[in-house]
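Okay, so here's the structure we're looking at.
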Amino acid sequence: MSLIFDLQSAGVSFGPVHALADVNLGIGAGESVALVGANGSGKSTLLRLLHGLQRPTAGQCACNGAARQAMLFQRPFMLRTSARNNVALALWLRGTPWQAAKQQALVALERVELADKAGRPARTLSGGQQQRLAMARAWALQPDVLMLDEPTASLDPHAKREVEQLMAEFASGAQRQDGRPVTVIFASHNLGQVKRLATRVIYLEQGRVQADLPVQEFFDIERLRAVSPTAHLFVKGEQV
Ligand SMILES: Nc1ncnc2c1ncn2[C@@H]1O[C@H](COP(=O)(O)OP(=O)(O)O)[C@@H](O)[C@H]1O
Ligand SMILES: [Mg+2]
């Protein structure tokens, strides 16, 4: 399996705070990786590092190949224009001519069942709709890697299910014209969601990787206890 990301002793420090320390990990194409851990454990910093929004202050973080990446945040970032333009502008910025971008934006909106909201100012949509709009924007860009930072944390159960469904379709490759699976890396506080969507789980504690296991092993409580007692406590209590 070819590695898309290869981190060697990677660290990120903010002054005296070690947000990430000595992280060694490789992520291959088509994996669906969940990042879990308490608040402040380094999940967002790791996503930002992988997405190139943050440089390592120690070690190396290699992103191999010309992987196209998209990232979604807990609170979607929307420009002060229509839903359709929010998608079209993202395409236009990547070089798609404006008329084609407008057309592709509509297809993407249909994909997430927001075509009827195409002309609405994006910022007037509900939280769940905005997150689906963010998914449409990512989908339109046909990324090889999709990163999501607690994408459903502020959504109600119904909206959460809809976004999860789209994440699953992303991971399966159903959204790609070439059908290739997308590498999905997401931070989540929701262990049910992790179980449903991840093939691999990385547990972080104070910026360090304490467990890195296939999803079945992570949720095998005896196996997890043997690998990391604190990860085991985290899963048992959902929160330490
Ligand atoms: N820009 C920043 N400046 C200073 N400290 C930061 C910054 N970003 C994150 N941190 C610190 O790094 C640690 C990890 O944060 P973060 O990656 O956001 O964790 P998580 O996403 O798991 O909650 C925390 O102690 C946080 O306060
Ligand atoms: Mg975070």
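Convention: chains lettered A, B, ... in structure tokens order; per-chain residue numbering from 1; ligands numbered from 1 as shown.
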
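Neighbours of Val23 in chain A closer than or equal to 9 Å, with only C-alpha atoms counted and sequence neighbours fewer than 6 positions away skipped, come out as Leu7, Gln8, Ser9, Ala10, Gly11, Gly59, Gly207, Arg208 and Val209 of chain A.
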
Export N, CA and C atoms of the chosen residues as an mmCIF file, in the first residue's frame?
data_model
loop_
_atom_site.group_PDB
_atom_site.id
_atom_site.type_symbol
_atom_site.label_atom_id
_atom_site.label_comp_id
_atom_site.auth_asym_id
_atom_site.auth_seq_id
_atom_site.Cartn_x
_atom_site.Cartn_y
_atom_site.Cartn_z
ATOM 1 N N LEU A 7 4.465 10.432 8.548
ATOM 2 C CA LEU A 7 4.949 11.293 9.626
ATOM 3 C C LEU A 7 6.040 10.582 10.397
ATOM 4 N N GLN A 8 7.177 11.251 10.538
ATOM 5 C CA GLN A 8 8.317 10.680 11.258
ATOM 6 C C GLN A 8 8.671 11.606 12.407
ATOM 7 N N SER A 9 8.466 11.116 13.619
ATOM 8 C CA SER A 9 8.772 11.893 14.838
ATOM 9 C C SER A 9 8.228 13.316 14.755
ATOM 10 N N ALA A 10 7.051 13.452 14.164
ATOM 11 C CA ALA A 10 6.514 14.801 13.938
ATOM 12 C C ALA A 10 6.001 15.407 15.240
ATOM 13 N N GLY A 11 6.282 16.683 15.399
ATOM 14 C CA GLY A 11 5.799 17.408 16.570
ATOM 15 C C GLY A 11 5.362 18.804 16.185
ATOM 16 N N GLY A 59 10.617 17.008 13.602
ATOM 17 C CA GLY A 59 10.398 15.837 12.752
ATOM 18 C C GLY A 59 9.899 16.204 11.367
ATOM 19 N N GLY A 207 -1.166 14.976 22.873
ATOM 20 C CA GLY A 207 -0.352 15.128 21.677
ATOM 21 C C GLY A 207 0.414 13.893 21.240
ATOM 22 N N ARG A 208 0.214 12.792 21.970
ATOM 23 C CA ARG A 208 0.924 11.563 21.605
ATOM 24 C C ARG A 208 -0.052 10.483 21.167
ATOM 25 N N VAL A 209 0.369 9.673 20.189
ATOM 26 C CA VAL A 209 -0.453 8.555 19.744
ATOM 27 C C VAL A 209 -0.290 7.416 20.746
#

Which residues of chain A come within 10 Å of ligand 2, and for each one, what is the closest pair of atoms and their distance in Å to one decimal, counting only C-alpha atoms and all ligand atoms, sorted by chain and residue number, as a tab-separated table?
residue	atom	partner	partner_atom_place_in_ligand_line	distance
A:Leu35	CA	ligand 2	1 (Mg)	9.9
A:Val36	CA	ligand 2	1 (Mg)	9.8
A:Gly37	CA	ligand 2	1 (Mg)	9.5
A:Ala38	CA	ligand 2	1 (Mg)	9.1
A:Asn39	CA	ligand 2	1 (Mg)	6.6
A:Gly40	CA	ligand 2	1 (Mg)	6.8
A:Ser41	CA	ligand 2	1 (Mg)	8.1
A:Gly42	CA	ligand 2	1 (Mg)	6.9
A:Lys43	CA	ligand 2	1 (Mg)	5.4
A:Ser44	CA	ligand 2	1 (Mg)	4.1
A:Thr45	CA	ligand 2	1 (Mg)	7.3
A:Leu46	CA	ligand 2	1 (Mg)	9.2
A:Leu47	CA	ligand 2	1 (Mg)	8.9
A:Arg48	CA	ligand 2	1 (Mg)	9.8
A:Phe73	CA	ligand 2	1 (Mg)	9.2
A:Gln74	CA	ligand 2	1 (Mg)	8.5
A:Asp149	CA	ligand 2	1 (Mg)	6.6
A:Glu150	CA	ligand 2	1 (Mg)	7.1
A:Ala187	CA	ligand 2	1 (Mg)	7.4
A:Ser188	CA	ligand 2	1 (Mg)	8.7
A:His189	CA	ligand 2	1 (Mg)	9.6

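CA of Arg68 in chain A to CA of Leu125 in chain A spans 27.4 Å [interatomic distance, one decimal].
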
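Within range 15-143 of chain A, residues classed as strand (DSSP E or B) by DSSP on backbone coordinates are Val17, His18, Ala19, Leu20, Ala21, Asp22, Val23, Asn24, Leu25, Gly26, Ile27, Gly28, Ser32, Val33, Ala34, Leu35, Val36, Ala58, Gly59, Gln60, Cys61, Ala62, Cys63, Gln69, Ala70, Met71, Leu72, Ser82 and Pro121 of chain A.
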
How about saving the chosen residues, N, CA and C atoms kept, as a PDB file, in the first residue's frame?
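After the write, result21.pdb holds the following:
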ATOM      1  N   VAL A  17       3.643  24.699  24.798  1.00  0.00           N
ATOM      2  CA  VAL A  17       2.618  23.650  24.658  1.00  0.00           C
ATOM      3  C   VAL A  17       2.974  22.699  23.531  1.00  0.00           C
ATOM      4  N   HIS A  18       3.129  21.424  23.864  1.00  0.00           N
ATOM      5  CA  HIS A  18       3.374  20.412  22.838  1.00  0.00           C
ATOM      6  C   HIS A  18       2.032  19.865  22.369  1.00  0.00           C
ATOM      7  N   ALA A  19       1.499  20.460  21.334  1.00  0.00           N
ATOM      8  CA  ALA A  19       0.189  20.031  20.825  1.00  0.00           C
ATOM      9  C   ALA A  19       0.294  18.647  20.207  1.00  0.00           C
ATOM     10  N   LEU A  20       1.451  18.357  19.581  1.00  0.00           N
ATOM     11  CA  LEU A  20       1.741  17.015  19.060  1.00  0.00           C
ATOM     12  C   LEU A  20       3.193  16.708  19.365  1.00  0.00           C
ATOM     13  N   ALA A  21       3.470  15.465  19.747  1.00  0.00           N
ATOM     14  CA  ALA A  21       4.843  15.107  20.061  1.00  0.00           C
ATOM     15  C   ALA A  21       5.163  13.703  19.564  1.00  0.00           C
ATOM     16  N   ASP A  22       6.267  13.598  18.836  1.00  0.00           N
ATOM     17  CA  ASP A  22       6.805  12.301  18.416  1.00  0.00           C
ATOM     18  C   ASP A  22       5.761  11.410  17.741  1.00  0.00           C
ATOM     19  N   VAL A  23       5.085  11.966  16.764  1.00  0.00           N
ATOM     20  CA  VAL A  23       4.062  11.194  16.055  1.00  0.00           C
ATOM     21  C   VAL A  23       4.693  10.483  14.860  1.00  0.00           C
ATOM     22  N   ASN A  24       4.570   9.151  14.871  1.00  0.00           N
ATOM     23  CA  ASN A  24       5.046   8.326  13.762  1.00  0.00           C
ATOM     24  C   ASN A  24       3.849   7.617  13.180  1.00  0.00           C
ATOM     25  N   LEU A  25       3.525   7.960  11.949  1.00  0.00           N
ATOM     26  CA  LEU A  25       2.413   7.243  11.369  1.00  0.00           C
ATOM     27  C   LEU A  25       2.362   7.406   9.864  1.00  0.00           C
ATOM     28  N   GLY A  26       1.873   6.338   9.225  1.00  0.00           N
ATOM     29  CA  GLY A  26       1.680   6.374   7.781  1.00  0.00           C
ATOM     30  C   GLY A  26       0.210   6.132   7.492  1.00  0.00           C
ATOM     31  N   ILE A  27      -0.302   6.859   6.513  1.00  0.00           N
ATOM     32  CA  ILE A  27      -1.695   6.658   6.130  1.00  0.00           C
ATOM     33  C   ILE A  27      -1.731   6.343   4.639  1.00  0.00           C
ATOM     34  N   GLY A  28      -2.386   5.235   4.304  1.00  0.00           N
ATOM     35  CA  GLY A  28      -2.419   4.785   2.924  1.00  0.00           C
ATOM     36  C   GLY A  28      -3.694   5.197   2.211  1.00  0.00           C
ATOM     37  N   SER A  32      -9.887   4.864   6.047  1.00  0.00           N
ATOM     38  CA  SER A  32     -10.843   5.760   6.691  1.00  0.00           C
ATOM     39  C   SER A  32     -10.437   5.811   8.166  1.00  0.00           C
ATOM     40  N   VAL A  33      -9.750   6.888   8.516  1.00  0.00           N
ATOM     41  CA  VAL A  33      -9.069   6.965   9.806  1.00  0.00           C
ATOM     42  C   VAL A  33      -9.798   7.916  10.750  1.00  0.00           C
ATOM     43  N   ALA A  34     -10.140   7.421  11.937  1.00  0.00           N
ATOM     44  CA  ALA A  34     -10.752   8.281  12.950  1.00  0.00           C
ATOM     45  C   ALA A  34      -9.702   8.702  13.961  1.00  0.00           C
ATOM     46  N   LEU A  35      -9.715   9.979  14.321  1.00  0.00           N
ATOM     47  CA  LEU A  35      -8.861  10.497  15.387  1.00  0.00           C
ATOM     48  C   LEU A  35      -9.736  10.727  16.604  1.00  0.00           C
ATOM     49  N   VAL A  36      -9.402  10.057  17.698  1.00  0.00           N
ATOM     50  CA  VAL A  36     -10.188  10.241  18.915  1.00  0.00           C
ATOM     51  C   VAL A  36      -9.272  10.625  20.071  1.00  0.00           C
ATOM     52  N   ALA A  58       8.904  19.949  14.744  1.00  0.00           N
ATOM     53  CA  ALA A  58       9.918  18.905  14.929  1.00  0.00           C
ATOM     54  C   ALA A  58       9.586  17.749  13.991  1.00  0.00           C
ATOM     55  N   GLY A  59      10.617  17.008  13.602  1.00  0.00           N
ATOM     56  CA  GLY A  59      10.398  15.837  12.752  1.00  0.00           C
ATOM     57  C   GLY A  59       9.899  16.204  11.367  1.00  0.00           C
ATOM     58  N   GLN A  60       9.304  15.209  10.689  1.00  0.00           N
ATOM     59  CA  GLN A  60       8.864  15.402   9.308  1.00  0.00           C
ATOM     60  C   GLN A  60       7.423  14.992   9.085  1.00  0.00           C
ATOM     61  N   CYS A  61       6.789  15.706   8.186  1.00  0.00           N
ATOM     62  CA  CYS A  61       5.447  15.346   7.739  1.00  0.00           C
ATOM     63  C   CYS A  61       5.441  15.397   6.229  1.00  0.00           C
ATOM     64  N   ALA A  62       5.462  14.210   5.611  1.00  0.00           N
ATOM     65  CA  ALA A  62       5.495  14.170   4.155  1.00  0.00           C
ATOM     66  C   ALA A  62       4.113  13.851   3.617  1.00  0.00           C
ATOM     67  N   CYS A  63       3.733  14.624   2.630  1.00  0.00           N
ATOM     68  CA  CYS A  63       2.486  14.369   1.924  1.00  0.00           C
ATOM     69  C   CYS A  63       2.886  13.976   0.514  1.00  0.00           C
ATOM     70  N   GLN A  69      -6.687  17.637  -1.723  1.00  0.00           N
ATOM     71  CA  GLN A  69      -7.253  17.514  -0.391  1.00  0.00           C
ATOM     72  C   GLN A  69      -8.352  18.544  -0.160  1.00  0.00           C
ATOM     73  N   ALA A  70      -9.331  18.150   0.635  1.00  0.00           N
ATOM     74  CA  ALA A  70     -10.370  19.086   1.070  1.00  0.00           C
ATOM     75  C   ALA A  70     -10.558  18.894   2.570  1.00  0.00           C
ATOM     76  N   MET A  71     -10.935  19.978   3.244  1.00  0.00           N
ATOM     77  CA  MET A  71     -11.123  19.871   4.690  1.00  0.00           C
ATOM     78  C   MET A  71     -12.426  20.534   5.112  1.00  0.00           C
ATOM     79  N   LEU A  72     -13.116  19.862   6.031  1.00  0.00           N
ATOM     80  CA  LEU A  72     -14.346  20.398   6.612  1.00  0.00           C
ATOM     81  C   LEU A  72     -14.133  20.643   8.095  1.00  0.00           C
ATOM     82  N   SER A  82     -24.553  33.131  -2.419  1.00  0.00           N
ATOM     83  CA  SER A  82     -25.512  32.021  -2.481  1.00  0.00           C
ATOM     84  C   SER A  82     -24.828  30.673  -2.235  1.00  0.00           C
ATOM     85  N   PRO A 121     -28.844  32.676   0.279  1.00  0.00           N
ATOM     86  CA  PRO A 121     -27.546  33.032   0.875  1.00  0.00           C
ATOM     87  C   PRO A 121     -27.096  31.879   1.784  1.00  0.00           C
TER      88      PRO A 121
END

Report summary line: The residue from A:Arg137, A:Lys117, A:Arg84, A:Arg55 with the smallest atom-to-atom distance to ligand 1, counting only C-alpha atoms and all ligand atoms, is A:Arg55

**Report entry** CA of Asn85 in chain A to CA of Asp178 in chain A, straight-line distance in Å
**Finding:** 25.3 Å

Query - Nearest to ligand 1 by atom-to-atom distance, counting only C-alpha atoms and all ligand atoms, from A:Gln142, A:Gln193, A:Thr124, A:Gln206 - result: A:Gln206

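In this comparison, which uses only C-alpha atoms, the residue of A:Leu191, A:Val87, A:Ala211, A:Leu3 approaching Gly30 in chain A most closely is A:Leu3.
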
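Closest approach to ligand 1 among A:Leu114, A:Ile202, A:Ala88, A:Ala174 is made by A:Ile202 (distances from only C-alpha atoms and all ligand atoms).
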
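Counting only C-alpha atoms and all ligand atoms, the residue from A:Leu89, A:Leu53, A:Leu224, A:Ala171 that sits nearest to ligand 1 is A:Leu53.
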
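Among the candidates A:Gln210, A:Ser2, A:Gln130, A:Thr199, the residue lying nearest to Thr152 in chain A is A:Gln130 (atoms considered: only C-alpha atoms).
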
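Taking CA of Gln129 in chain A and CA of Ala159 in chain A as the two end points, the separation is 7.7 Å.
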